[in-house]
>>> print(open('structure17.csv').read())   # CSV, C-alpha atoms (C1' of nucleotides)
chain,number,residue,atom,x,y,z
P,306,MET,CA,0.0,0.0,0.0
P,307,PRO,CA,1.9,3.1,-1.3
P,308,THR,CA,1.9,6.0,1.1
P,309,ILE,CA,1.1,9.2,-0.9
P,310,LYS,CA,1.4,12.7,0.4
P,311,LEU,CA,-1.9,14.5,0.9
P,312,ASP,CA,-2.0,18.2,0.3
P,313,ARG,CA,-4.8,20.6,1.2
P,314,ILE,CA,-6.8,19.8,-1.8
P,315,ASP,CA,-6.7,16.1,-1.2
P,316,ARG,CA,-7.9,16.6,2.3
P,317,ARG,CA,-10.8,18.7,1.0
P,318,ILE,CA,-11.7,16.0,-1.5
P,319,LEU,CA,-11.7,13.4,1.3
P,320,ALA,CA,-13.7,15.5,3.6
P,321,GLU,CA,-16.3,16.1,1.0
P,322,ILE,CA,-16.7,12.5,-0.3
P,323,GLN,CA,-16.7,11.2,3.3
P,324,ARG,CA,-19.7,13.3,3.9
P,325,ASP,CA,-21.5,12.7,0.6
P,326,SER,CA,-20.4,10.2,-1.9
P,327,SER,CA,-23.2,10.9,-4.3
P,328,ILE,CA,-21.5,14.2,-5.4
P,329,SER,CA,-20.5,14.2,-9.1
P,330,ASN,CA,-16.9,14.8,-10.1
P,331,LEU,CA,-18.1,18.1,-11.6
P,332,ASP,CA,-19.5,19.5,-8.4
P,333,LEU,CA,-16.6,18.0,-6.4
P,334,ALA,CA,-14.1,19.8,-8.6
P,335,GLU,CA,-15.8,23.1,-8.1
P,336,LYS,CA,-16.0,22.7,-4.4
P,337,VAL,CA,-12.3,22.0,-4.0
P,338,GLY,CA,-11.3,24.7,-6.5
P,339,LEU,CA,-10.1,22.4,-9.3
P,340,SER,CA,-11.1,21.6,-12.8
P,341,PRO,CA,-12.8,18.3,-13.4
P,342,SER,CA,-9.8,16.4,-14.9
P,343,PRO,CA,-7.2,16.8,-12.1
P,344,CYS,CA,-10.0,16.3,-9.6
P,345,ALA,CA,-10.9,12.9,-11.1
P,346,ARG,CA,-7.2,12.0,-11.2
P,347,ARG,CA,-6.7,12.7,-7.5
P,348,VAL,CA,-9.7,10.7,-6.6
P,349,ARG,CA,-8.4,7.8,-8.7
P,350,GLN,CA,-5.0,8.0,-7.0
P,351,LEU,CA,-6.6,8.1,-3.6
P,352,GLN,CA,-8.4,4.9,-4.5
P,353,GLU,CA,-5.2,3.3,-5.8
P,354,ALA,CA,-3.4,4.3,-2.7
P,355,GLY,CA,-6.0,2.5,-0.6
P,356,ILE,CA,-7.0,5.6,1.2
P,357,ILE,CA,-10.5,5.5,-0.3
P,358,ASP,CA,-12.0,2.2,0.7
P,359,ARG,CA,-15.6,2.0,-0.7
P,360,GLN,CA,-18.9,3.8,-1.1
P,361,VAL,CA,-21.9,2.6,0.9
P,362,THR,CA,-25.5,3.6,1.6
P,363,LEU,CA,-26.4,4.2,5.2
P,364,LEU,CA,-29.8,3.1,6.2
P,365,ASP,CA,-31.9,4.4,9.1
P,366,GLN,CA,-31.7,2.0,12.0
P,367,GLU,CA,-35.0,3.0,13.6
P,368,ALA,CA,-36.9,3.2,10.3
P,369,LEU,CA,-35.7,-0.3,9.6
P,370,GLY,CA,-37.2,-1.6,12.8
P,371,LEU,CA,-33.9,-1.9,14.7
P,372,PRO,CA,-34.3,0.5,17.6
P,373,LEU,CA,-32.1,-1.4,20.1
P,374,THR,CA,-28.4,-1.1,20.3
P,375,ILE,CA,-26.4,-3.0,22.9
P,376,TYR,CA,-22.7,-3.1,23.8
P,377,VAL,CA,-21.6,-6.5,25.0
P,378,GLN,CA,-18.4,-7.3,26.8
P,379,VAL,CA,-17.5,-11.0,26.4
P,380,SER,CA,-14.9,-12.9,28.5
P,381,LEU,CA,-13.6,-16.2,27.3
P,382,THR,CA,-12.5,-19.1,29.6
P,383,ASN,CA,-9.0,-18.9,28.1
P,384,GLN,CA,-7.1,-17.4,25.2
P,385,ALA,CA,-6.2,-20.6,23.4
P,386,THR,CA,-5.8,-19.9,19.7
P,387,GLY,CA,-8.6,-22.3,18.8
P,388,ILE,CA,-11.0,-20.7,21.2
P,389,LEU,CA,-10.3,-17.2,19.8
P,390,GLU,CA,-10.5,-18.3,16.2
P,391,ASN,CA,-13.7,-20.1,16.7
P,392,PHE,CA,-15.3,-17.3,18.6
P,393,GLU,CA,-14.4,-14.8,15.9
P,394,ARG,CA,-15.6,-17.0,13.1
P,395,GLN,CA,-19.0,-17.4,14.8
P,396,ILE,CA,-19.2,-13.7,15.5
P,397,ARG,CA,-18.5,-12.8,11.9
P,398,GLY,CA,-21.4,-15.0,10.9
P,399,PHE,CA,-23.9,-12.9,13.0
P,400,ASP,CA,-25.1,-10.1,10.8
P,401,GLU,CA,-26.6,-8.2,13.8
P,402,VAL,CA,-23.1,-7.7,15.1
P,403,MET,CA,-22.0,-4.3,13.7
P,404,GLU,CA,-18.7,-4.2,15.4
P,405,CYS,CA,-16.4,-6.5,17.3
P,406,ALA,CA,-12.9,-5.9,18.7
P,407,LEU,CA,-10.4,-7.8,20.7
P,408,ILE,CA,-9.6,-5.5,23.5
P,409,THR,CA,-7.1,-5.0,26.3
P,410,GLY,CA,-7.4,-2.8,29.4
P,411,SER,CA,-10.6,-4.5,30.5
P,412,ASP,CA,-11.4,-7.8,32.2
P,413,ALA,CA,-13.3,-8.7,29.1
P,414,ASP,CA,-11.7,-10.1,25.9
P,415,TYR,CA,-14.1,-8.7,23.3
P,416,LEU,CA,-16.3,-5.7,22.9
P,417,LEU,CA,-19.3,-6.1,20.6
P,418,LYS,CA,-21.9,-3.7,19.3
P,419,VAL,CA,-25.1,-5.3,18.3
P,420,VAL,CA,-28.4,-4.0,16.8
P,421,MET,CA,-31.8,-5.7,17.2
P,422,PRO,CA,-35.5,-5.2,16.9
P,423,ASP,CA,-36.7,-5.9,20.4
P,424,MET,CA,-36.1,-7.5,23.8
P,425,ALA,CA,-37.3,-10.9,22.6
P,426,TYR,CA,-34.5,-10.8,20.1
P,427,TYR,CA,-32.1,-9.7,22.8
P,428,GLU,CA,-32.8,-12.8,24.8
P,429,HIS,CA,-32.5,-15.0,21.7
P,430,PHE,CA,-29.2,-13.5,20.8
P,431,LEU,CA,-27.7,-13.9,24.2
P,432,LEU,CA,-28.9,-17.3,25.0
P,433,LYS,CA,-29.1,-19.0,21.6
P,434,LYS,CA,-26.3,-17.4,19.8
P,435,LEU,CA,-23.6,-15.8,22.0
P,436,ASN,CA,-23.8,-18.3,24.8
P,437,GLN,CA,-23.7,-21.2,22.5
P,438,ILE,CA,-20.1,-20.4,21.4
P,439,ASP,CA,-17.5,-22.6,22.9
P,440,GLY,CA,-15.4,-20.9,25.5
P,441,VAL,CA,-17.6,-18.0,26.4
P,442,ALA,CA,-17.2,-17.5,30.1
P,443,SER,CA,-19.2,-14.3,30.9
P,444,ILE,CA,-21.3,-11.7,29.1
P,445,ARG,CA,-21.9,-8.2,30.3
P,446,THR,CA,-24.5,-6.1,28.4
P,447,SER,CA,-24.9,-2.3,28.3
P,448,PHE,CA,-27.9,-0.9,26.6
P,449,SER,CA,-27.6,2.3,24.6
P,450,LEU,CA,-30.1,4.7,26.0
P,451,ARG,CA,-29.3,7.4,23.5
P,452,ARG,CA,-26.9,7.7,20.6
P,453,VAL,CA,-25.0,10.9,21.0
P,454,VAL,CA,-22.5,10.5,18.1
P,455,LEU,CA,-22.4,8.0,15.3
P,456,ARG,CA,-20.0,9.0,12.5
P,457,THR,CA,-18.4,7.2,9.6
P,458,GLU,CA,-16.2,10.2,8.8
P,459,LEU,CA,-12.6,9.8,10.0
P,460,PRO,CA,-10.9,12.9,11.3
P,461,LEU,CA,-8.4,14.5,8.9
P,462,GLY,CA,-7.0,17.2,11.2
P,463,HIS,CA,-3.9,15.1,12.1
P,464,LEU,CA,-2.7,15.3,8.5
P,465,GLN,CA,-2.2,19.0,8.5
H,712,MET,CA,-41.9,9.1,8.9
H,713,PRO,CA,-44.2,6.9,7.0
H,714,THR,CA,-43.8,3.1,7.5
H,715,ILE,CA,-43.9,1.3,4.2
H,716,LYS,CA,-44.1,-2.3,3.6
H,717,LEU,CA,-40.9,-3.9,2.4
H,718,ASP,CA,-41.2,-6.8,0.0
H,719,ARG,CA,-38.5,-9.2,-1.2
H,720,ILE,CA,-37.3,-6.8,-3.9
H,721,ASP,CA,-37.0,-3.9,-1.6
H,722,ARG,CA,-34.8,-5.9,0.7
H,723,ARG,CA,-32.6,-7.0,-2.2
H,724,ILE,CA,-32.3,-3.3,-3.2
H,725,LEU,CA,-31.4,-2.3,0.3
H,726,ALA,CA,-28.9,-5.1,0.7
H,727,GLU,CA,-27.2,-4.2,-2.5
H,728,ILE,CA,-26.9,-0.4,-2.0
H,729,GLN,CA,-25.8,-0.9,1.6
H,730,ARG,CA,-22.9,-2.9,0.2
H,731,ASP,CA,-22.1,-0.7,-2.7
H,732,SER,CA,-23.7,2.7,-3.3
H,733,SER,CA,-21.8,3.4,-6.5
H,734,ILE,CA,-23.9,0.9,-8.5
H,735,SER,CA,-26.0,2.5,-11.2
H,736,ASN,CA,-29.7,2.2,-11.3
H,737,LEU,CA,-29.4,0.2,-14.5
H,738,ASP,CA,-27.2,-2.4,-12.8
H,739,LEU,CA,-29.2,-2.4,-9.7
H,740,ALA,CA,-32.4,-3.0,-11.6
H,741,GLU,CA,-30.8,-6.0,-13.3
H,742,LYS,CA,-29.5,-7.4,-10.0
H,743,VAL,CA,-32.9,-7.3,-8.4
H,744,GLY,CA,-34.7,-8.6,-11.4
H,745,LEU,CA,-36.6,-5.4,-12.3
H,746,SER,CA,-36.5,-2.9,-15.2
H,747,PRO,CA,-34.9,0.5,-14.5
H,748,SER,CA,-38.1,2.5,-14.0
H,749,PRO,CA,-39.7,0.7,-11.1
H,750,CYS,CA,-36.3,0.2,-9.6
H,751,ALA,CA,-35.6,3.9,-9.5
H,752,ARG,CA,-39.1,4.5,-8.1
H,753,ARG,CA,-38.6,2.1,-5.3
H,754,VAL,CA,-35.3,3.7,-4.4
H,755,ARG,CA,-36.9,7.1,-4.3
H,756,GLN,CA,-39.7,5.8,-2.1
H,757,LEU,CA,-37.2,4.2,0.3
H,758,GLN,CA,-35.5,7.6,0.5
H,759,GLU,CA,-38.8,9.4,1.1
H,760,ALA,CA,-39.7,6.9,3.8
H,761,GLY,CA,-36.5,7.7,5.6
H,762,ILE,CA,-35.2,4.2,5.3
H,763,ILE,CA,-32.3,5.3,3.1
H,764,ASP,CA,-30.4,7.8,5.0
H,765,ARG,CA,-27.4,8.9,2.9
H,766,GLN,CA,-24.4,7.8,0.8
H,767,VAL,CA,-20.9,8.1,2.1
H,768,THR,CA,-17.4,7.2,1.2
H,769,LEU,CA,-15.5,5.0,3.7
H,770,LEU,CA,-11.8,5.7,4.1
H,771,ASP,CA,-9.1,3.4,5.3
H,772,GLN,CA,-8.3,4.1,8.9
H,773,GLU,CA,-4.8,2.7,8.8
H,774,ALA,CA,-3.9,4.2,5.4
H,775,LEU,CA,-5.0,7.6,6.7
H,776,GLY,CA,-2.5,7.3,9.6
H,777,LEU,CA,-5.1,6.4,12.3
H,778,PRO,CA,-4.1,2.9,13.5
H,779,LEU,CA,-5.3,3.3,17.1
H,780,THR,CA,-8.9,2.7,18.2
H,781,ILE,CA,-9.9,3.0,21.8
H,782,TYR,CA,-13.1,2.4,23.7
H,783,VAL,CA,-13.6,4.7,26.6
H,784,GLN,CA,-16.1,4.3,29.5
H,785,VAL,CA,-16.8,7.7,31.1
H,786,SER,CA,-18.5,8.2,34.4
H,787,LEU,CA,-19.8,11.6,35.4
H,788,THR,CA,-20.0,13.0,39.0
H,789,ASN,CA,-23.8,13.3,38.7
H,790,GLN,CA,-26.5,13.1,36.1
H,791,ALA,CA,-27.7,16.7,36.3
H,792,THR,CA,-29.1,17.8,33.0
H,793,GLY,CA,-26.6,20.6,32.6
H,794,ILE,CA,-23.7,18.2,33.2
H,795,LEU,CA,-25.0,15.7,30.6
H,796,GLU,CA,-25.8,18.4,28.0
H,797,ASN,CA,-22.5,20.1,28.3
H,798,PHE,CA,-20.6,16.8,28.1
H,799,GLU,CA,-22.5,15.7,25.0
H,800,ARG,CA,-22.0,19.1,23.3
H,801,GLN,CA,-18.2,18.9,24.0
H,802,ILE,CA,-18.0,15.3,22.7
H,803,ARG,CA,-19.9,16.2,19.5
H,804,GLY,CA,-17.1,18.8,18.9
H,805,PHE,CA,-14.3,16.2,19.0
H,806,ASP,CA,-14.1,14.8,15.5
H,807,GLU,CA,-11.9,11.8,16.6
H,808,VAL,CA,-14.9,10.5,18.5
H,809,MET,CA,-16.6,8.1,16.0
H,810,GLU,CA,-19.3,7.0,18.4
H,811,CYS,CA,-20.7,8.0,21.7
H,812,ALA,CA,-23.7,6.5,23.5
H,813,LEU,CA,-25.4,7.1,26.9
H,814,ILE,CA,-25.6,3.6,28.4
H,815,THR,CA,-27.1,1.7,31.2
H,816,GLY,CA,-26.2,-1.6,32.7
H,817,SER,CA,-22.7,-0.5,33.5
H,818,ASP,CA,-21.2,1.7,36.2
H,819,ALA,CA,-20.2,4.1,33.4
H,820,ASP,CA,-22.5,6.7,31.9
H,821,TYR,CA,-21.1,6.9,28.4
H,822,LEU,CA,-19.3,4.6,26.0
H,823,LEU,CA,-17.1,6.2,23.4
H,824,LYS,CA,-15.1,4.9,20.4
H,825,VAL,CA,-12.2,7.1,19.4
H,826,VAL,CA,-9.6,6.8,16.7
H,827,MET,CA,-6.2,8.4,16.8
H,828,PRO,CA,-2.7,8.4,15.2
H,829,ASP,CA,-0.5,7.4,18.1
H,830,MET,CA,0.0,7.2,21.9
H,831,ALA,CA,1.0,10.8,22.2
H,832,TYR,CA,-2.3,11.8,20.8
H,833,TYR,CA,-4.0,9.4,23.2
H,834,GLU,CA,-2.5,11.1,26.2
H,835,HIS,CA,-3.4,14.5,24.8
H,836,PHE,CA,-7.0,13.4,24.2
H,837,LEU,CA,-7.5,12.0,27.7
H,838,LEU,CA,-5.8,14.8,29.6
H,839,LYS,CA,-6.5,17.8,27.5
H,840,LYS,CA,-9.8,17.1,26.0
H,841,LEU,CA,-11.9,14.4,27.9
H,842,ASN,CA,-10.7,15.3,31.4
H,843,GLN,CA,-11.2,19.0,30.8
H,844,ILE,CA,-15.0,18.5,30.5
H,845,ASP,CA,-16.9,19.6,33.6
H,846,GLY,CA,-18.3,16.7,35.6
H,847,VAL,CA,-16.1,13.9,34.3
H,848,ALA,CA,-15.4,11.7,37.3
H,849,SER,CA,-13.6,8.7,35.9
H,850,ILE,CA,-12.3,7.3,32.6
H,851,ARG,CA,-11.6,3.7,31.7
H,852,THR,CA,-9.8,3.0,28.5
H,853,SER,CA,-9.8,-0.3,26.5
H,854,PHE,CA,-7.5,-0.5,23.5
H,855,SER,CA,-8.6,-2.4,20.4
H,856,LEU,CA,-6.0,-5.0,19.7
H,857,ARG,CA,-7.7,-6.3,16.6
H,858,ARG,CA,-10.8,-5.3,14.7
H,859,VAL,CA,-12.8,-8.5,14.1
H,860,VAL,CA,-15.9,-7.0,12.6
H,861,LEU,CA,-16.7,-3.5,11.4
H,862,ARG,CA,-19.8,-3.1,9.4
H,863,THR,CA,-22.1,-0.3,8.2
H,864,GLU,CA,-24.7,-2.7,6.8
H,865,LEU,CA,-27.6,-3.2,9.0
H,866,PRO,CA,-29.2,-6.7,9.1
H,867,LEU,CA,-32.4,-7.1,7.1
H,868,GLY,CA,-33.3,-10.7,8.1
H,869,HIS,CA,-35.8,-9.6,10.8
H,870,LEU,CA,-38.0,-8.1,8.0
H,871,GLN,CA,-38.8,-11.4,6.4
Z,1287,DG,C1',-2.9,21.5,-13.7
Z,1288,DG,C1',-6.4,23.8,-17.2
Z,1289,DT,C1',-9.4,23.6,-21.4
Z,1290,DG,C1',-12.4,21.9,-24.7
Z,1291,DA,C1',-14.7,18.4,-27.5
Z,1292,DA,C1',-16.3,13.9,-28.2
Z,1293,DA,C1',-18.2,9.7,-26.7
Z,1294,DA,C1',-20.4,7.0,-23.6
Z,1295,DG,C1',-23.7,6.1,-20.0
Z,1296,DC,C1',-27.3,7.2,-17.2
Z,1297,DT,C1',-31.8,8.8,-15.8
Z,1298,DT,C1',-36.4,10.2,-17.0
Z,1299,DC,C1',-40.2,10.4,-19.3
Z,1300,DG,C1',-44.3,8.6,-22.1
Z,1301,DT,C1',-46.8,4.7,-23.8
Z,1302,DG,C1',-48.6,0.2,-23.6
Z,1303,DT,C1',-49.5,-4.2,-21.2
Y,734,DA,C1',-47.4,-2.3,-10.9
Y,735,DC,C1',-44.1,-3.4,-14.5
Y,736,DA,C1',-41.7,-3.4,-19.2
Y,737,DC,C1',-40.2,-1.0,-23.2
Y,738,DG,C1',-38.2,2.6,-25.9
Y,739,DA,C1',-36.8,7.2,-27.0
Y,740,DA,C1',-35.2,11.7,-25.6
Y,741,DG,C1',-32.3,14.6,-23.1
Y,742,DC,C1',-28.9,15.4,-20.0
Y,743,DT,C1',-24.7,14.6,-17.3
Y,744,DT,C1',-20.5,12.7,-16.8
Y,745,DT,C1',-16.4,10.8,-17.9
Y,746,DT,C1',-12.4,10.6,-20.9
Y,747,DC,C1',-9.4,12.0,-24.1
Y,748,DA,C1',-5.9,15.0,-26.6
Y,749,DC,C1',-3.7,19.3,-26.4
Y,750,DC,C1',-2.1,23.8,-24.2
>>> encode(input="structure17.csv", output="structure tokens")
Amino acid sequence: MPTIKLDRIDRRILAEIQRDSSISNLDLAEKVGLSPSPCARRVRQLQEAGIIDRQVTLLDQEALGLPLTIYVQVSLTNQATGILENFERQIRGFDEVMECALITGSDADYLLKVVMPDMAYYEHFLLKKLNQIDGVASIRTSFSLRRVVLRTELPLGHLQ
Amino acid sequence: MPTIKLDRIDRRILAEIQRDSSISNLDLAEKVGLSPSPCARRVRQLQEAGIIDRQVTLLDQEALGLPLTIYVQVSLTNQATGILENFERQIRGFDEVMECALITGSDADYLLKVVMPDMAYYEHFLLKKLNQIDGVASIRTSFSLRRVVLRTELPLGHLQ
DNA sequence: GGTGAAAAGCTTCGTGT
DNA sequence: ACACGAAGCTTTTCACC
């Protein structure tokens, strides 16, 4: 993955397409003060450099009938490689798990973020899915009462 | 926000554009087995119903020089409205905070996900930013050792 | 990096089933 | 509610300055 130098214009391009990927190259060029050709060239280079990953559509969690978000801290009985690998494979197969990270600095091994339609599903998820995985020792759940921030835009200030 | 009924085709449309929003209406129509006109109409209706939120570009965290992800549990001295409101306003102003939720079921009040370039920034963030907020009583940090799952696609299985 | 032209592709109608 | 087809527009992509 080649590291390319990002100047002020690159950062403005990234800021804009992070916020709205439906913008046309024509409009993007105008916004960043460039003509369309070099603007398109920069975007292509940012893709080739691996800085631009992909374009997605974000749906509305509540409108889709998924009002509940929980954060789950999972501890395993031990950190044997097989236990970890199996746990992670199972987790990857649960599409309600939006995020999962192996963490340190806590007594838990993994932190998960999970979305769900209702409390009945919550019980099902914990008992029939999470707890069925081999090596799961303890589960601690925190319910999200209110989402204060949820961003997909990475900060760019550190590049200046 | 009107609730509309989602049939099989709507779900296939949502699944596809969640994965890749750069697809044209022509290709999308073919994928879901529709001609372009009704496909475009459905997408428009999904937008008007508030189910489709927006289109964004996802950047690569590591390529951008932000290899560190931490999860922070913050406890406040009390839950007075002013303390909460001020905390949330400050947090919203930190663009390295990717996620923040008011939570229950834990001894902490808030859970944050924060990305950063290095350990020096970590110290800066904790001491000069988080700890400066009025009413912050304690901070517990967990470092992400490995990202196992990170999705923006919401599950659709519960709609069937 | 800017400009302009050409070509390709897409979306949006109207019409018919 | 969907399919088809044509019209009109936007966008991308060159070659050249």
>>> residues_around(input="structure17.csv", residues="range 1287-1296 of chain Z", least_positions_apart="5", cutoff="10 Å", atoms="all atoms listed in the file", output="VMD selection string")
(chain P and resid 339 to 344) or (chain H and resid 735 to 737) or (chain Y and resid 742 to 750)
>>> atom_distance(input="structure17.csv", atom1="C1' of DG1302 in chain Z", atom2="CA of Asp738 in chain H")
24.1 Å
>>> residues_near_point(input="structure17.csv", point="(-25.1, -1.2, 23.8)", cutoff="9 Å", atoms="all atoms listed in the file", output="MDAnalysis selection string")
(chainID P and resid 373:377 417:420 446:450) or (chainID H and resid 812:816 822)
>>> calpha_fit_and_write(input="structure17.csv", fixed="chain H", moving="chain P", output="short mmCIF file (atom, residue, chain, number, x, y, z; two decimals) with C-alpha atoms, keeping the file's coordinate frame")
data_model
loop_
_atom_site.label_atom_id
_atom_site.label_comp_id
_atom_site.auth_asym_id
_atom_site.auth_seq_id
_atom_site.Cartn_x
_atom_site.Cartn_y
_atom_site.Cartn_z
CA MET P 306 -41.87 9.19 8.93
CA PRO P 307 -44.29 6.94 6.93
CA THR P 308 -43.82 3.26 7.57
CA ILE P 309 -43.87 1.45 4.16
CA LYS P 310 -44.04 -2.26 3.68
CA LEU P 311 -40.88 -3.83 2.30
CA ASP P 312 -41.23 -6.79 0.02
CA ARG P 313 -38.48 -9.12 -1.17
CA ILE P 314 -37.37 -6.86 -3.86
CA ASP P 315 -37.02 -3.89 -1.59
CA ARG P 316 -34.90 -5.90 0.74
CA ARG P 317 -32.66 -6.91 -2.16
CA ILE P 318 -32.32 -3.30 -3.23
CA LEU P 319 -31.32 -2.33 0.33
CA ALA P 320 -28.91 -5.12 0.68
CA GLU P 321 -27.22 -4.22 -2.52
CA ILE P 322 -26.94 -0.42 -2.02
CA GLN P 323 -25.81 -0.97 1.59
CA ARG P 324 -22.93 -2.88 0.24
CA ASP P 325 -22.12 -0.66 -2.75
CA SER P 326 -23.70 2.63 -3.34
CA SER P 327 -21.77 3.35 -6.48
CA ILE P 328 -23.96 0.85 -8.46
CA SER P 329 -25.98 2.52 -11.25
CA ASN P 330 -29.75 2.20 -11.33
CA LEU P 331 -29.28 0.09 -14.49
CA ASP P 332 -27.12 -2.54 -12.88
CA LEU P 333 -29.20 -2.38 -9.67
CA ALA P 334 -32.36 -3.11 -11.64
CA GLU P 335 -30.84 -6.12 -13.26
CA LYS P 336 -29.55 -7.50 -10.05
CA VAL P 337 -32.92 -7.35 -8.32
CA GLY P 338 -34.79 -8.61 -11.39
CA LEU P 339 -36.57 -5.36 -12.29
CA SER P 340 -36.57 -2.93 -15.12
CA PRO P 341 -34.87 0.38 -14.55
CA SER P 342 -38.03 2.53 -14.04
CA PRO P 343 -39.73 0.67 -11.15
CA CYS P 344 -36.30 0.13 -9.64
CA ALA P 345 -35.62 3.90 -9.54
CA ARG P 346 -39.12 4.46 -8.14
CA ARG P 347 -38.58 2.06 -5.24
CA VAL P 348 -35.31 3.62 -4.41
CA ARG P 349 -36.94 7.06 -4.42
CA GLN P 350 -39.71 5.83 -2.12
CA LEU P 351 -37.21 4.26 0.21
CA GLN P 352 -35.51 7.63 0.45
CA GLU P 353 -38.82 9.41 1.04
CA ALA P 354 -39.72 6.94 3.67
CA GLY P 355 -36.50 7.72 5.52
CA ILE P 356 -35.26 4.22 5.27
CA ILE P 357 -32.34 5.28 3.06
CA ASP P 358 -30.38 7.81 5.02
CA ARG P 359 -27.33 8.92 2.91
CA GLN P 360 -24.43 7.77 0.78
CA VAL P 361 -20.90 8.10 2.15
CA THR P 362 -17.33 7.16 1.22
CA LEU P 363 -15.48 5.00 3.68
CA LEU P 364 -11.87 5.74 4.05
CA ASP P 365 -9.12 3.39 5.25
CA GLN P 366 -8.30 4.11 8.86
CA GLU P 367 -4.76 2.72 8.77
CA ALA P 368 -3.91 4.24 5.38
CA LEU P 369 -5.00 7.56 6.79
CA GLY P 370 -2.55 7.30 9.64
CA LEU P 371 -5.13 6.43 12.31
CA PRO P 372 -4.09 2.98 13.48
CA LEU P 373 -5.33 3.31 17.10
CA THR P 374 -8.83 2.68 18.19
CA ILE P 375 -9.85 2.97 21.83
CA TYR P 376 -13.12 2.37 23.69
CA VAL P 377 -13.57 4.71 26.61
CA GLN P 378 -16.05 4.32 29.41
CA VAL P 379 -16.75 7.70 31.08
CA SER P 380 -18.48 8.18 34.48
CA LEU P 381 -19.82 11.55 35.41
CA THR P 382 -20.00 12.94 39.01
CA ASN P 383 -23.79 13.21 38.67
CA GLN P 384 -26.55 13.12 36.09
CA ALA P 385 -27.69 16.71 36.36
CA THR P 386 -29.18 17.81 33.06
CA GLY P 387 -26.59 20.55 32.64
CA ILE P 388 -23.73 18.19 33.19
CA LEU P 389 -25.06 15.73 30.58
CA GLU P 390 -25.82 18.41 28.04
CA ASN P 391 -22.49 19.99 28.38
CA PHE P 392 -20.62 16.75 28.18
CA GLU P 393 -22.45 15.76 25.01
CA ARG P 394 -21.94 19.10 23.37
CA GLN P 395 -18.18 18.90 24.00
CA ILE P 396 -18.06 15.34 22.78
CA ARG P 397 -19.83 16.19 19.56
CA GLY P 398 -17.19 18.81 18.92
CA PHE P 399 -14.35 16.16 18.96
CA ASP P 400 -14.05 14.82 15.47
CA GLU P 401 -11.89 11.85 16.64
CA VAL P 402 -14.90 10.54 18.49
CA MET P 403 -16.60 8.13 16.04
CA GLU P 404 -19.27 7.00 18.36
CA CYS P 405 -20.75 7.95 21.69
CA ALA P 406 -23.73 6.51 23.58
CA LEU P 407 -25.40 7.05 26.87
CA ILE P 408 -25.53 3.65 28.35
CA THR P 409 -27.15 1.70 31.16
CA GLY P 410 -26.14 -1.67 32.62
CA SER P 411 -22.64 -0.46 33.42
CA ASP P 412 -21.14 1.70 36.16
CA ALA P 413 -20.15 4.09 33.46
CA ASP P 414 -22.49 6.71 31.91
CA TYR P 415 -21.06 6.89 28.39
CA LEU P 416 -19.29 4.60 26.01
CA LEU P 417 -17.06 6.26 23.42
CA LYS P 418 -15.13 4.96 20.45
CA VAL P 419 -12.25 7.07 19.45
CA VAL P 420 -9.62 6.88 16.64
CA MET P 421 -6.14 8.43 16.79
CA PRO P 422 -2.73 8.41 15.24
CA ASP P 423 -0.52 7.46 18.14
CA MET P 424 0.00 7.22 21.91
CA ALA P 425 1.06 10.86 22.16
CA TYR P 426 -2.34 11.75 20.84
CA TYR P 427 -3.94 9.33 23.26
CA GLU P 428 -2.47 11.16 26.19
CA HIS P 429 -3.48 14.54 24.73
CA PHE P 430 -7.00 13.40 24.22
CA LEU P 431 -7.43 12.04 27.68
CA LEU P 432 -5.80 14.73 29.60
CA LYS P 433 -6.46 17.85 27.51
CA LYS P 434 -9.77 17.08 26.06
CA LEU P 435 -11.83 14.44 27.92
CA ASN P 436 -10.65 15.33 31.37
CA GLN P 437 -11.19 18.96 30.85
CA ILE P 438 -15.00 18.51 30.60
CA ASP P 439 -16.89 19.54 33.63
CA GLY P 440 -18.27 16.67 35.60
CA VAL P 441 -16.13 13.86 34.35
CA ALA P 442 -15.48 11.64 37.32
CA SER P 443 -13.58 8.60 35.90
CA ILE P 444 -12.29 7.32 32.57
CA ARG P 445 -11.63 3.72 31.74
CA THR P 446 -9.85 2.96 28.42
CA SER P 447 -9.78 -0.30 26.43
CA PHE P 448 -7.51 -0.50 23.49
CA SER P 449 -8.61 -2.40 20.40
CA LEU P 450 -6.00 -4.98 19.71
CA ARG P 451 -7.68 -6.23 16.59
CA ARG P 452 -10.83 -5.31 14.72
CA VAL P 453 -12.77 -8.45 14.09
CA VAL P 454 -15.96 -6.91 12.58
CA LEU P 455 -16.68 -3.40 11.46
CA ARG P 456 -19.85 -3.14 9.34
CA THR P 457 -22.08 -0.31 8.24
CA GLU P 458 -24.63 -2.73 6.79
CA LEU P 459 -27.69 -3.21 9.01
CA PRO P 460 -29.17 -6.67 9.13
CA LEU P 461 -32.37 -7.13 7.09
CA GLY P 462 -33.24 -10.69 8.14
CA HIS P 463 -35.79 -9.50 10.77
CA LEU P 464 -37.99 -8.06 8.02
CA GLN P 465 -38.74 -11.35 6.42
#
>>> closest_residue(input="structure17.csv", among="H:Lys839, H:Arg753, H:Arg722, H:Lys742", to="chain Y", atoms="only C-alpha atoms (C1' of nucleotides)")
H:Arg753
>>> residues_around(input="structure17.csv", residues="Gly868 in chain H", least_positions_apart="2", cutoff="10 Å", atoms="all atoms listed in the file", output="list of chain:residue names")
P:Asp400, P:Glu401, H:Arg722, H:Leu865, H:Pro866, H:Leu870, H:Gln871
>>> residues_around(input="structure17.csv", residues="Gln323 in chain P", least_positions_apart="2", cutoff="8 Å", atoms="only C-alpha atoms (C1' of nucleotides)", output="list in words")
Leu319, Ala320, Glu321, Asp325, Ser326, Thr457, Glu458 and Leu459 of chain P; Val767, Thr768, Leu769 and Leu770 of chain H
